[in-house]
$ cat data.txt   # compact mmCIF, N, CA and C atoms
# COMPACT_ATOMS: atom_id res chain seq x y z
N MET A 17 186.63 73.86 -45.33
CA MET A 17 186.30 72.99 -46.45
C MET A 17 187.05 73.47 -47.68
N SER A 18 187.49 72.50 -48.48
CA SER A 18 188.20 72.89 -49.69
C SER A 18 187.80 71.99 -50.85
N ILE A 19 187.87 72.59 -52.02
CA ILE A 19 187.60 71.87 -53.26
C ILE A 19 188.82 72.08 -54.15
N SER A 20 189.58 71.01 -54.37
CA SER A 20 190.79 71.12 -55.17
C SER A 20 190.57 70.53 -56.56
N LYS A 21 191.30 71.07 -57.53
CA LYS A 21 191.24 70.54 -58.89
C LYS A 21 192.26 69.41 -59.03
N ILE A 22 191.84 68.31 -59.67
CA ILE A 22 192.75 67.21 -59.96
C ILE A 22 192.61 66.84 -61.43
N THR A 23 193.58 66.11 -61.92
CA THR A 23 193.57 65.68 -63.32
C THR A 23 193.08 64.25 -63.44
N ILE A 24 192.78 63.87 -64.65
CA ILE A 24 192.39 62.48 -64.94
C ILE A 24 193.54 61.54 -64.58
N ASP A 25 194.77 61.93 -64.89
CA ASP A 25 195.92 61.09 -64.55
C ASP A 25 196.02 60.88 -63.04
N GLU A 26 195.74 61.92 -62.26
CA GLU A 26 195.76 61.76 -60.80
C GLU A 26 194.69 60.77 -60.35
N LEU A 27 193.52 60.84 -60.94
CA LEU A 27 192.46 59.88 -60.62
C LEU A 27 192.90 58.45 -60.95
N ARG A 28 193.57 58.30 -62.06
CA ARG A 28 193.98 56.97 -62.50
C ARG A 28 195.08 56.38 -61.61
N ARG A 29 195.67 57.20 -60.75
CA ARG A 29 196.69 56.73 -59.81
C ARG A 29 196.11 56.45 -58.42
N MET A 30 194.80 56.48 -58.27
CA MET A 30 194.15 56.31 -56.96
C MET A 30 193.60 54.90 -56.75
N GLU A 31 194.30 53.91 -57.25
CA GLU A 31 193.80 52.53 -57.17
C GLU A 31 193.56 52.06 -55.74
N ASP A 32 194.35 52.52 -54.80
CA ASP A 32 194.22 52.06 -53.42
C ASP A 32 193.28 52.94 -52.60
N GLN A 33 192.48 53.78 -53.27
CA GLN A 33 191.55 54.67 -52.58
C GLN A 33 190.13 54.41 -53.06
N GLU A 34 189.17 54.88 -52.28
CA GLU A 34 187.77 54.75 -52.68
C GLU A 34 187.08 56.06 -52.39
N GLY A 35 185.99 56.29 -53.10
CA GLY A 35 185.22 57.50 -52.91
C GLY A 35 183.98 57.48 -53.79
N LEU A 36 183.23 58.54 -53.71
CA LEU A 36 182.01 58.71 -54.50
C LEU A 36 182.28 59.76 -55.57
N VAL A 37 181.99 59.43 -56.81
CA VAL A 37 182.10 60.37 -57.93
C VAL A 37 180.69 60.79 -58.32
N LEU A 38 180.48 62.10 -58.42
CA LEU A 38 179.24 62.65 -58.95
C LEU A 38 179.56 63.32 -60.27
N GLN A 39 178.72 63.07 -61.29
CA GLN A 39 178.98 63.57 -62.62
C GLN A 39 177.94 64.63 -63.00
N GLY A 40 178.38 65.63 -63.72
CA GLY A 40 177.46 66.67 -64.19
C GLY A 40 177.10 67.68 -63.11
N CYS A 41 178.10 68.16 -62.40
CA CYS A 41 177.88 69.08 -61.27
C CYS A 41 178.07 70.52 -61.72
N GLY A 42 177.05 71.08 -62.32
CA GLY A 42 177.13 72.46 -62.78
C GLY A 42 176.84 73.43 -61.66
N GLY A 43 177.22 74.69 -61.86
CA GLY A 43 176.95 75.72 -60.87
C GLY A 43 178.00 75.77 -59.79
N SER A 44 177.59 76.22 -58.62
CA SER A 44 178.49 76.41 -57.49
C SER A 44 178.91 75.06 -56.90
N LEU A 45 180.22 74.79 -56.93
CA LEU A 45 180.72 73.55 -56.36
C LEU A 45 180.56 73.53 -54.84
N GLN A 46 180.65 74.69 -54.22
CA GLN A 46 180.45 74.77 -52.77
C GLN A 46 179.02 74.37 -52.41
N LYS A 47 178.04 74.77 -53.23
CA LYS A 47 176.65 74.37 -52.98
C LYS A 47 176.49 72.86 -53.14
N TRP A 48 177.21 72.27 -54.08
CA TRP A 48 177.19 70.81 -54.22
C TRP A 48 177.75 70.15 -52.97
N LEU A 49 178.89 70.64 -52.51
CA LEU A 49 179.52 70.07 -51.31
C LEU A 49 178.57 70.17 -50.11
N ASP A 50 178.02 71.34 -49.88
CA ASP A 50 177.11 71.54 -48.76
C ASP A 50 175.84 70.70 -48.92
N GLY A 51 175.30 70.68 -50.12
CA GLY A 51 174.07 69.93 -50.37
C GLY A 51 174.22 68.43 -50.19
N ILE A 52 175.31 67.88 -50.71
CA ILE A 52 175.54 66.43 -50.57
C ILE A 52 175.79 66.09 -49.10
N ASN A 53 176.56 66.92 -48.41
CA ASN A 53 176.76 66.70 -46.97
C ASN A 53 175.42 66.71 -46.23
N ASP A 54 174.55 67.67 -46.56
CA ASP A 54 173.24 67.74 -45.91
C ASP A 54 172.39 66.52 -46.23
N LEU A 55 172.36 66.12 -47.50
CA LEU A 55 171.58 64.93 -47.89
C LEU A 55 172.07 63.67 -47.17
N LEU A 56 173.38 63.49 -47.14
CA LEU A 56 173.92 62.29 -46.50
C LEU A 56 173.71 62.30 -44.99
N THR A 57 173.69 63.48 -44.40
CA THR A 57 173.39 63.60 -42.97
C THR A 57 171.93 63.25 -42.71
N GLU A 58 171.03 63.81 -43.53
CA GLU A 58 169.59 63.53 -43.38
C GLU A 58 169.29 62.05 -43.53
N GLU A 59 169.99 61.37 -44.42
CA GLU A 59 169.77 59.94 -44.66
C GLU A 59 170.44 59.06 -43.61
N GLY A 60 171.18 59.66 -42.69
CA GLY A 60 171.86 58.89 -41.65
C GLY A 60 173.12 58.19 -42.15
N ILE A 61 173.65 58.63 -43.29
CA ILE A 61 174.85 58.01 -43.86
C ILE A 61 176.10 58.63 -43.25
N LEU A 62 176.14 59.95 -43.16
CA LEU A 62 177.23 60.62 -42.45
C LEU A 62 176.93 60.50 -40.96
N GLN A 63 177.90 60.02 -40.20
CA GLN A 63 177.67 59.71 -38.80
C GLN A 63 178.49 60.60 -37.87
N ASN A 64 177.99 60.75 -36.66
CA ASN A 64 178.69 61.44 -35.56
C ASN A 64 179.13 62.86 -35.91
N GLY A 65 178.30 63.54 -36.69
CA GLY A 65 178.59 64.94 -37.03
C GLY A 65 179.70 65.14 -38.04
N THR A 66 180.22 64.05 -38.62
CA THR A 66 181.28 64.22 -39.62
C THR A 66 180.68 64.65 -40.95
N ARG A 67 181.51 65.28 -41.75
CA ARG A 67 181.11 65.75 -43.07
C ARG A 67 182.31 65.62 -44.00
N PHE A 68 182.05 65.59 -45.28
CA PHE A 68 183.13 65.66 -46.25
C PHE A 68 183.66 67.10 -46.20
N GLU A 69 184.93 67.26 -45.92
CA GLU A 69 185.54 68.58 -45.80
C GLU A 69 186.39 68.92 -47.02
N ASN A 70 187.08 67.94 -47.57
CA ASN A 70 188.01 68.16 -48.68
C ASN A 70 187.63 67.23 -49.83
N ILE A 71 187.13 67.84 -50.89
CA ILE A 71 186.76 67.07 -52.07
C ILE A 71 187.56 67.58 -53.26
N SER A 72 187.44 66.88 -54.37
CA SER A 72 188.16 67.26 -55.59
C SER A 72 187.19 67.41 -56.74
N THR A 73 187.57 68.23 -57.69
CA THR A 73 186.80 68.39 -58.91
C THR A 73 187.71 68.10 -60.11
N PHE A 74 187.11 67.56 -61.15
CA PHE A 74 187.83 67.29 -62.38
C PHE A 74 186.87 67.38 -63.55
N GLN A 75 187.42 67.52 -64.74
CA GLN A 75 186.64 67.62 -65.98
C GLN A 75 186.84 66.36 -66.81
N ARG A 76 185.76 65.85 -67.35
CA ARG A 76 185.85 64.76 -68.32
C ARG A 76 184.81 65.02 -69.40
N ASP A 77 185.28 65.12 -70.63
CA ASP A 77 184.40 65.37 -71.78
C ASP A 77 183.52 66.60 -71.57
N GLY A 78 184.10 67.66 -71.00
CA GLY A 78 183.36 68.90 -70.79
C GLY A 78 182.38 68.87 -69.63
N THR A 79 182.41 67.83 -68.85
CA THR A 79 181.50 67.68 -67.71
C THR A 79 182.28 67.86 -66.41
N THR A 80 181.72 68.64 -65.51
CA THR A 80 182.32 68.83 -64.20
C THR A 80 181.90 67.68 -63.29
N CYS A 81 182.90 67.05 -62.68
CA CYS A 81 182.66 65.94 -61.77
C CYS A 81 183.27 66.26 -60.42
N LEU A 82 182.73 65.64 -59.37
CA LEU A 82 183.25 65.80 -58.02
C LEU A 82 183.62 64.45 -57.45
N LEU A 83 184.70 64.41 -56.70
CA LEU A 83 185.13 63.21 -55.99
C LEU A 83 185.06 63.49 -54.49
N PHE A 84 184.25 62.70 -53.80
CA PHE A 84 184.13 62.74 -52.35
C PHE A 84 184.93 61.54 -51.83
N PRO A 85 186.19 61.77 -51.42
CA PRO A 85 187.03 60.64 -51.02
C PRO A 85 186.65 60.09 -49.64
N PHE A 86 186.72 58.78 -49.50
CA PHE A 86 186.46 58.15 -48.21
C PHE A 86 187.75 58.20 -47.41
N THR A 87 187.79 59.08 -46.43
CA THR A 87 188.97 59.24 -45.59
C THR A 87 188.60 58.85 -44.16
N GLU A 88 189.61 58.68 -43.34
CA GLU A 88 189.41 58.24 -41.96
C GLU A 88 188.59 59.23 -41.14
N ASP A 89 188.61 60.51 -41.49
CA ASP A 89 187.89 61.51 -40.71
C ASP A 89 186.40 61.61 -41.07
N VAL A 90 185.95 60.85 -42.06
CA VAL A 90 184.54 60.84 -42.45
C VAL A 90 183.96 59.47 -42.07
N GLN A 91 183.01 59.49 -41.15
CA GLN A 91 182.39 58.25 -40.69
C GLN A 91 181.10 58.01 -41.48
N LEU A 92 181.06 56.88 -42.17
CA LEU A 92 179.95 56.56 -43.07
C LEU A 92 179.25 55.28 -42.66
N ASP A 93 177.94 55.25 -42.82
CA ASP A 93 177.18 54.02 -42.65
C ASP A 93 177.22 53.29 -43.99
N MET A 94 178.11 52.31 -44.08
CA MET A 94 178.32 51.63 -45.36
C MET A 94 177.26 50.58 -45.67
N GLU A 95 176.25 50.43 -44.81
CA GLU A 95 175.09 49.61 -45.17
C GLU A 95 174.07 50.46 -45.92
N LYS A 96 173.92 51.72 -45.53
CA LYS A 96 172.95 52.62 -46.17
C LYS A 96 173.51 53.28 -47.43
N PHE A 97 174.83 53.56 -47.43
CA PHE A 97 175.43 54.35 -48.51
C PHE A 97 175.27 53.71 -49.88
N PRO A 98 175.50 52.40 -50.06
CA PRO A 98 175.33 51.82 -51.40
C PRO A 98 173.90 51.94 -51.94
N VAL A 99 172.92 51.85 -51.06
CA VAL A 99 171.52 51.99 -51.49
C VAL A 99 171.28 53.42 -51.97
N TRP A 100 171.78 54.40 -51.20
CA TRP A 100 171.63 55.80 -51.58
C TRP A 100 172.32 56.06 -52.92
N ARG A 101 173.54 55.53 -53.09
CA ARG A 101 174.28 55.72 -54.32
C ARG A 101 173.51 55.17 -55.51
N PHE A 102 172.94 53.99 -55.34
CA PHE A 102 172.17 53.39 -56.42
C PHE A 102 170.93 54.23 -56.74
N GLN A 103 170.27 54.72 -55.71
CA GLN A 103 169.05 55.51 -55.91
C GLN A 103 169.33 56.87 -56.55
N THR A 104 170.54 57.38 -56.40
CA THR A 104 170.87 58.70 -56.95
C THR A 104 171.66 58.62 -58.25
N ARG A 105 171.82 57.42 -58.76
CA ARG A 105 172.60 57.22 -60.00
C ARG A 105 172.07 58.09 -61.14
N THR A 106 170.75 58.11 -61.30
CA THR A 106 170.16 58.88 -62.39
C THR A 106 170.29 60.38 -62.18
N ASN A 107 170.05 60.85 -60.96
CA ASN A 107 170.09 62.29 -60.68
C ASN A 107 171.49 62.87 -60.63
N PHE A 108 172.42 62.15 -60.02
CA PHE A 108 173.77 62.69 -59.79
C PHE A 108 174.86 61.98 -60.56
N GLY A 109 174.52 60.93 -61.31
CA GLY A 109 175.57 60.15 -61.96
C GLY A 109 176.48 59.49 -60.94
N SER A 110 175.93 59.15 -59.78
CA SER A 110 176.70 58.60 -58.66
C SER A 110 177.34 57.27 -59.02
N ILE A 111 178.64 57.18 -58.75
CA ILE A 111 179.39 55.95 -59.03
C ILE A 111 180.60 55.90 -58.10
N TRP A 112 180.97 54.72 -57.66
CA TRP A 112 182.18 54.58 -56.84
C TRP A 112 183.40 54.87 -57.69
N LEU A 113 184.43 55.42 -57.09
CA LEU A 113 185.69 55.69 -57.78
C LEU A 113 186.25 54.42 -58.39
N SER A 114 186.18 53.31 -57.67
CA SER A 114 186.73 52.04 -58.15
C SER A 114 185.97 51.50 -59.38
N ASP A 115 184.77 51.98 -59.63
CA ASP A 115 184.03 51.62 -60.84
C ASP A 115 184.23 52.67 -61.93
N TYR A 116 184.34 53.92 -61.53
CA TYR A 116 184.46 55.03 -62.48
C TYR A 116 185.74 54.93 -63.32
N VAL A 117 186.87 54.74 -62.65
CA VAL A 117 188.15 54.75 -63.37
C VAL A 117 188.22 53.64 -64.42
N PRO A 118 187.90 52.38 -64.09
CA PRO A 118 187.96 51.35 -65.13
C PRO A 118 186.93 51.53 -66.25
N ASN A 119 185.74 52.03 -65.90
CA ASN A 119 184.66 52.13 -66.88
C ASN A 119 184.70 53.38 -67.74
N TYR A 120 185.29 54.46 -67.24
CA TYR A 120 185.29 55.72 -67.98
C TYR A 120 186.68 56.23 -68.36
N LEU A 121 187.71 55.76 -67.65
CA LEU A 121 189.05 56.32 -67.87
C LEU A 121 190.07 55.30 -68.34
N GLY A 122 189.66 54.10 -68.63
CA GLY A 122 190.58 53.10 -69.14
C GLY A 122 191.38 52.35 -68.10
N GLY A 123 191.02 52.52 -66.83
CA GLY A 123 191.66 51.76 -65.77
C GLY A 123 192.69 52.55 -65.00
N PHE A 124 193.14 51.92 -63.92
CA PHE A 124 194.14 52.54 -63.06
C PHE A 124 195.53 52.39 -63.65
N ILE A 125 196.40 53.35 -63.34
CA ILE A 125 197.79 53.33 -63.80
C ILE A 125 198.67 52.89 -62.64
N GLN A 126 199.48 51.89 -62.89
CA GLN A 126 200.49 51.49 -61.91
C GLN A 126 201.70 52.37 -62.13
N GLU A 127 202.55 52.52 -61.14
CA GLU A 127 203.73 53.37 -61.26
C GLU A 127 204.59 52.97 -62.46
N GLY A 128 204.83 51.68 -62.67
CA GLY A 128 205.62 51.20 -63.80
C GLY A 128 204.96 51.52 -65.13
N GLU A 129 203.63 51.38 -65.18
CA GLU A 129 202.89 51.68 -66.41
C GLU A 129 203.00 53.15 -66.77
N GLN A 130 203.00 54.00 -65.77
CA GLN A 130 203.09 55.43 -66.01
C GLN A 130 204.40 55.77 -66.73
N ALA A 131 205.48 55.18 -66.28
CA ALA A 131 206.77 55.42 -66.92
C ALA A 131 206.77 54.90 -68.35
N GLU A 132 206.17 53.72 -68.57
CA GLU A 132 206.09 53.15 -69.92
C GLU A 132 205.28 54.04 -70.83
N GLU A 133 204.14 54.56 -70.35
CA GLU A 133 203.30 55.44 -71.16
C GLU A 133 204.06 56.71 -71.55
N MET A 134 204.80 57.26 -70.61
CA MET A 134 205.56 58.48 -70.91
C MET A 134 206.65 58.17 -71.94
N ASP A 135 207.32 57.01 -71.83
CA ASP A 135 208.34 56.63 -72.80
C ASP A 135 207.74 56.49 -74.19
N MET A 136 206.55 55.87 -74.28
CA MET A 136 205.90 55.67 -75.58
C MET A 136 205.49 57.00 -76.19
N GLN A 137 205.03 57.95 -75.36
CA GLN A 137 204.63 59.25 -75.88
C GLN A 137 205.82 60.04 -76.41
N MET A 138 206.99 59.81 -75.83
CA MET A 138 208.19 60.54 -76.26
C MET A 138 208.76 60.00 -77.55
N GLN A 139 208.44 58.78 -77.94
CA GLN A 139 209.00 58.17 -79.16
C GLN A 139 208.34 58.71 -80.41

$ encode --input "data.txt" --output "structure tokens"
Amino acid sequence: MSISKITIDELRRMEDQEGLVLQGCGGSLQKWLDGINDLLTEEGILQNGTRFENISTFQRDGTTCLLFPFTEDVQLDMEKFPVWRFQTRTNFGSIWLSDYVPNYLGGFIQEGEQAEEMDMQMQ
């Protein structure tokens, strides 16, 4: 299992990806990873013994956040998962990546936009 650091700009380039963002994850990130995997297993959301193995962490406004990316090696019950996410919104700040980036980071960056932004910053 690994927890990698990513930047806000990297998040803003993930338009074609989906995942779960948890906000306000203080303390041991490994305990968060293990705990969320255990909770999702208990709820029957993680299926066939799969678990989130590789997640990312990032900082926004001094808050530690975690991204649990939906990858092919993680089998999820997508009928149960949205209900769980909604129920944990208050406790974990749970939000889908596709909602987080537009609502908190100003939207996704297209490759062309990234070059334009860099040009504007250099002027």

$ residues_around --input "data.txt" --residues "stretch 78-86 of chain A" --least-positions-apart "4" --cutoff "8 Å" --atoms "only C-alpha atoms" --output "list in words"
Gln33, Glu34, Gly35, Leu36, Val37, Leu38, Gln39, Gly40, Cys41, Gly42, Phe68, Asn70, Ile71, Ser72, Thr73, Phe74, Val90 and Leu113 of chain A

$ atom_distance --input "data.txt" --atom1 "atom CA of A:Leu62" --atom2 "atom N of A:Gln91"
6.0 Å

$ atom_distance --input "data.txt" --atom1 "atom N of A:Leu55" --atom2 "atom C of A:Ser18"
16.9 Å

$ residues_around --input "data.txt" --residues "stretch 63-66 of chain A" --least-positions-apart "6" --cutoff "8 Å" --atoms "all atoms listed in the file" --output "PyMOL selection string"
chain A and resi 53+56-57+89-93

$ closest_residue --input "data.txt" --among "A:Met17, A:Thr106, A:Asp77, A:Ile22" --to "A:Asp50" --atoms "only C-alpha atoms"
A:Met17

$ select_by_dssp --input "data.txt" --residues "stretch 82-128 of chain A" --states "helix (DSSP H, G or I)" --output "ChimeraX atom specification"
/A:97-103,105-108,113-120,127-128

$ write_last_selection --input "data.txt" --atoms "N, CA and C atoms" --output "PDB file, in the coordinates of the input"
ATOM      1  N   PHE A  97     174.830  53.560 -47.430  1.00  0.00           N
ATOM      2  CA  PHE A  97     175.430  54.350 -48.510  1.00  0.00           C
ATOM      3  C   PHE A  97     175.270  53.710 -49.880  1.00  0.00           C
ATOM      4  N   PRO A  98     175.500  52.400 -50.060  1.00  0.00           N
ATOM      5  CA  PRO A  98     175.330  51.820 -51.400  1.00  0.00           C
ATOM      6  C   PRO A  98     173.900  51.940 -51.940  1.00  0.00           C
ATOM      7  N   VAL A  99     172.920  51.850 -51.060  1.00  0.00           N
ATOM      8  CA  VAL A  99     171.520  51.990 -51.490  1.00  0.00           C
ATOM      9  C   VAL A  99     171.280  53.420 -51.970  1.00  0.00           C
ATOM     10  N   TRP A 100     171.780  54.400 -51.200  1.00  0.00           N
ATOM     11  CA  TRP A 100     171.630  55.800 -51.580  1.00  0.00           C
ATOM     12  C   TRP A 100     172.320  56.060 -52.920  1.00  0.00           C
ATOM     13  N   ARG A 101     173.540  55.530 -53.090  1.00  0.00           N
ATOM     14  CA  ARG A 101     174.280  55.720 -54.320  1.00  0.00           C
ATOM     15  C   ARG A 101     173.510  55.170 -55.510  1.00  0.00           C
ATOM     16  N   PHE A 102     172.940  53.990 -55.340  1.00  0.00           N
ATOM     17  CA  PHE A 102     172.170  53.390 -56.420  1.00  0.00           C
ATOM     18  C   PHE A 102     170.930  54.230 -56.740  1.00  0.00           C
ATOM     19  N   GLN A 103     170.270  54.720 -55.710  1.00  0.00           N
ATOM     20  CA  GLN A 103     169.050  55.510 -55.910  1.00  0.00           C
ATOM     21  C   GLN A 103     169.330  56.870 -56.550  1.00  0.00           C
ATOM     22  N   ARG A 105     171.820  57.420 -58.760  1.00  0.00           N
ATOM     23  CA  ARG A 105     172.600  57.220 -60.000  1.00  0.00           C
ATOM     24  C   ARG A 105     172.070  58.090 -61.140  1.00  0.00           C
ATOM     25  N   THR A 106     170.750  58.110 -61.300  1.00  0.00           N
ATOM     26  CA  THR A 106     170.160  58.880 -62.390  1.00  0.00           C
ATOM     27  C   THR A 106     170.290  60.380 -62.180  1.00  0.00           C
ATOM     28  N   ASN A 107     170.050  60.850 -60.960  1.00  0.00           N
ATOM     29  CA  ASN A 107     170.090  62.290 -60.680  1.00  0.00           C
ATOM     30  C   ASN A 107     171.490  62.870 -60.630  1.00  0.00           C
ATOM     31  N   PHE A 108     172.420  62.150 -60.020  1.00  0.00           N
ATOM     32  CA  PHE A 108     173.770  62.690 -59.790  1.00  0.00           C
ATOM     33  C   PHE A 108     174.860  61.980 -60.560  1.00  0.00           C
ATOM     34  N   LEU A 113     184.430  55.420 -57.090  1.00  0.00           N
ATOM     35  CA  LEU A 113     185.690  55.690 -57.780  1.00  0.00           C
ATOM     36  C   LEU A 113     186.250  54.420 -58.390  1.00  0.00           C
ATOM     37  N   SER A 114     186.180  53.310 -57.670  1.00  0.00           N
ATOM     38  CA  SER A 114     186.730  52.040 -58.150  1.00  0.00           C
ATOM     39  C   SER A 114     185.970  51.500 -59.380  1.00  0.00           C
ATOM     40  N   ASP A 115     184.770  51.980 -59.630  1.00  0.00           N
ATOM     41  CA  ASP A 115     184.030  51.620 -60.840  1.00  0.00           C
ATOM     42  C   ASP A 115     184.230  52.670 -61.930  1.00  0.00           C
ATOM     43  N   TYR A 116     184.340  53.920 -61.530  1.00  0.00           N
ATOM     44  CA  TYR A 116     184.460  55.030 -62.480  1.00  0.00           C
ATOM     45  C   TYR A 116     185.740  54.930 -63.320  1.00  0.00           C
ATOM     46  N   VAL A 117     186.870  54.740 -62.650  1.00  0.00           N
ATOM     47  CA  VAL A 117     188.150  54.750 -63.370  1.00  0.00           C
ATOM     48  C   VAL A 117     188.220  53.640 -64.420  1.00  0.00           C
ATOM     49  N   PRO A 118     187.900  52.380 -64.090  1.00  0.00           N
ATOM     50  CA  PRO A 118     187.960  51.350 -65.130  1.00  0.00           C
ATOM     51  C   PRO A 118     186.930  51.530 -66.250  1.00  0.00           C
ATOM     52  N   ASN A 119     185.740  52.030 -65.900  1.00  0.00           N
ATOM     53  CA  ASN A 119     184.660  52.130 -66.880  1.00  0.00           C
ATOM     54  C   ASN A 119     184.700  53.380 -67.740  1.00  0.00           C
ATOM     55  N   TYR A 120     185.290  54.460 -67.240  1.00  0.00           N
ATOM     56  CA  TYR A 120     185.290  55.720 -67.980  1.00  0.00           C
ATOM     57  C   TYR A 120     186.680  56.230 -68.360  1.00  0.00           C
ATOM     58  N   GLU A 127     202.550  52.520 -61.140  1.00  0.00           N
ATOM     59  CA  GLU A 127     203.730  53.370 -61.260  1.00  0.00           C
ATOM     60  C   GLU A 127     204.590  52.970 -62.460  1.00  0.00           C
ATOM     61  N   GLY A 128     204.830  51.680 -62.670  1.00  0.00           N
ATOM     62  CA  GLY A 128     205.620  51.200 -63.800  1.00  0.00           C
ATOM     63  C   GLY A 128     204.960  51.520 -65.130  1.00  0.00           C
TER      64      GLY A 128
END

$ atom_distance --input "data.txt" --atom1 "atom N of A:Gln103" --atom2 "atom N of A:Arg67"
20.8 Å

$ select_by_dssp --input "data.txt" --residues "stretch 61-101 of chain A" --states "strand (DSSP E or B)" --output "short mmCIF file (atom, residue, chain, number, x, y, z; two decimals) with N, CA and C atoms, in the frame of the given file"
data_model
loop_
_atom_site.label_atom_id
_atom_site.label_comp_id
_atom_site.auth_asym_id
_atom_site.auth_seq_id
_atom_site.Cartn_x
_atom_site.Cartn_y
_atom_site.Cartn_z
N LEU A 62 176.14 59.95 -43.16
CA LEU A 62 177.23 60.62 -42.45
C LEU A 62 176.93 60.50 -40.96
N ASN A 70 187.08 67.94 -47.57
CA ASN A 70 188.01 68.16 -48.68
C ASN A 70 187.63 67.23 -49.83
N ILE A 71 187.13 67.84 -50.89
CA ILE A 71 186.76 67.07 -52.07
C ILE A 71 187.56 67.58 -53.26
N SER A 72 187.44 66.88 -54.37
CA SER A 72 188.16 67.26 -55.59
C SER A 72 187.19 67.41 -56.74
N THR A 73 187.57 68.23 -57.69
CA THR A 73 186.80 68.39 -58.91
C THR A 73 187.71 68.10 -60.11
N PHE A 74 187.11 67.56 -61.15
CA PHE A 74 187.83 67.29 -62.38
C PHE A 74 186.87 67.38 -63.55
N GLN A 75 187.42 67.52 -64.74
CA GLN A 75 186.64 67.62 -65.98
C GLN A 75 186.84 66.36 -66.81
N ARG A 76 185.76 65.85 -67.35
CA ARG A 76 185.85 64.76 -68.32
C ARG A 76 184.81 65.02 -69.40
N THR A 79 182.41 67.83 -68.85
CA THR A 79 181.50 67.68 -67.71
C THR A 79 182.28 67.86 -66.41
N THR A 80 181.72 68.64 -65.51
CA THR A 80 182.32 68.83 -64.20
C THR A 80 181.90 67.68 -63.29
N CYS A 81 182.90 67.05 -62.68
CA CYS A 81 182.66 65.94 -61.77
C CYS A 81 183.27 66.26 -60.42
N LEU A 82 182.73 65.64 -59.37
CA LEU A 82 183.25 65.80 -58.02
C LEU A 82 183.62 64.45 -57.45
N LEU A 83 184.70 64.41 -56.70
CA LEU A 83 185.13 63.21 -55.99
C LEU A 83 185.06 63.49 -54.49
N PHE A 84 184.25 62.70 -53.80
CA PHE A 84 184.13 62.74 -52.35
C PHE A 84 184.93 61.54 -51.83
N PRO A 85 186.19 61.77 -51.42
CA PRO A 85 187.03 60.64 -51.02
C PRO A 85 186.65 60.09 -49.64
N LEU A 92 181.06 56.88 -42.17
CA LEU A 92 179.95 56.56 -43.07
C LEU A 92 179.25 55.28 -42.66
#

$ axis_aligned_box --input "data.txt" --around "stretch 98-102 of chain A" --padding-each-side "4 Å" --output "JSON"
{"center_x": 173.2, "center_y": 53.9, "center_z": -53.4, "size_x": 12.6, "size_y": 12.2, "size_z": 14.7}

$ closest_residue --input "data.txt" --among "A:Thr104, A:Arg76, A:Ser114, A:Asn119" --to "A:Ile24" --atoms "all atoms listed in the file"
A:Arg76

$ closest_residue --input "data.txt" --among "A:Lys96, A:Thr87, A:Asp32, A:Arg101" --to "A:Ile61" --atoms "all atoms listed in the file"
A:Lys96

$ decode --input "data.txt" --residues "stretch 25-39 of chain A" --atoms "C-alpha atoms" --output "compact mmCIF listing (two decimals), in the first residue's frame"
# COMPACT_ATOMS: atom_id res chain seq x y z
CA ASP A 25 -2.64 21.23 -10.20
CA GLU A 26 -2.36 17.45 -10.56
CA LEU A 27 -5.89 17.08 -9.19
CA ARG A 28 -7.15 19.66 -11.65
CA ARG A 29 -5.76 17.53 -14.51
CA MET A 30 -7.77 14.43 -13.48
CA GLU A 31 -10.94 15.25 -15.42
CA ASP A 32 -11.20 11.75 -16.91
CA GLN A 33 -10.85 10.04 -13.51
CA GLU A 34 -13.13 9.52 -10.54
CA GLY A 35 -12.54 8.84 -6.88
CA LEU A 36 -13.53 9.65 -3.33
CA VAL A 37 -12.04 12.70 -1.60
CA LEU A 38 -12.00 12.82 2.20
CA GLN A 39 -11.29 16.19 3.82
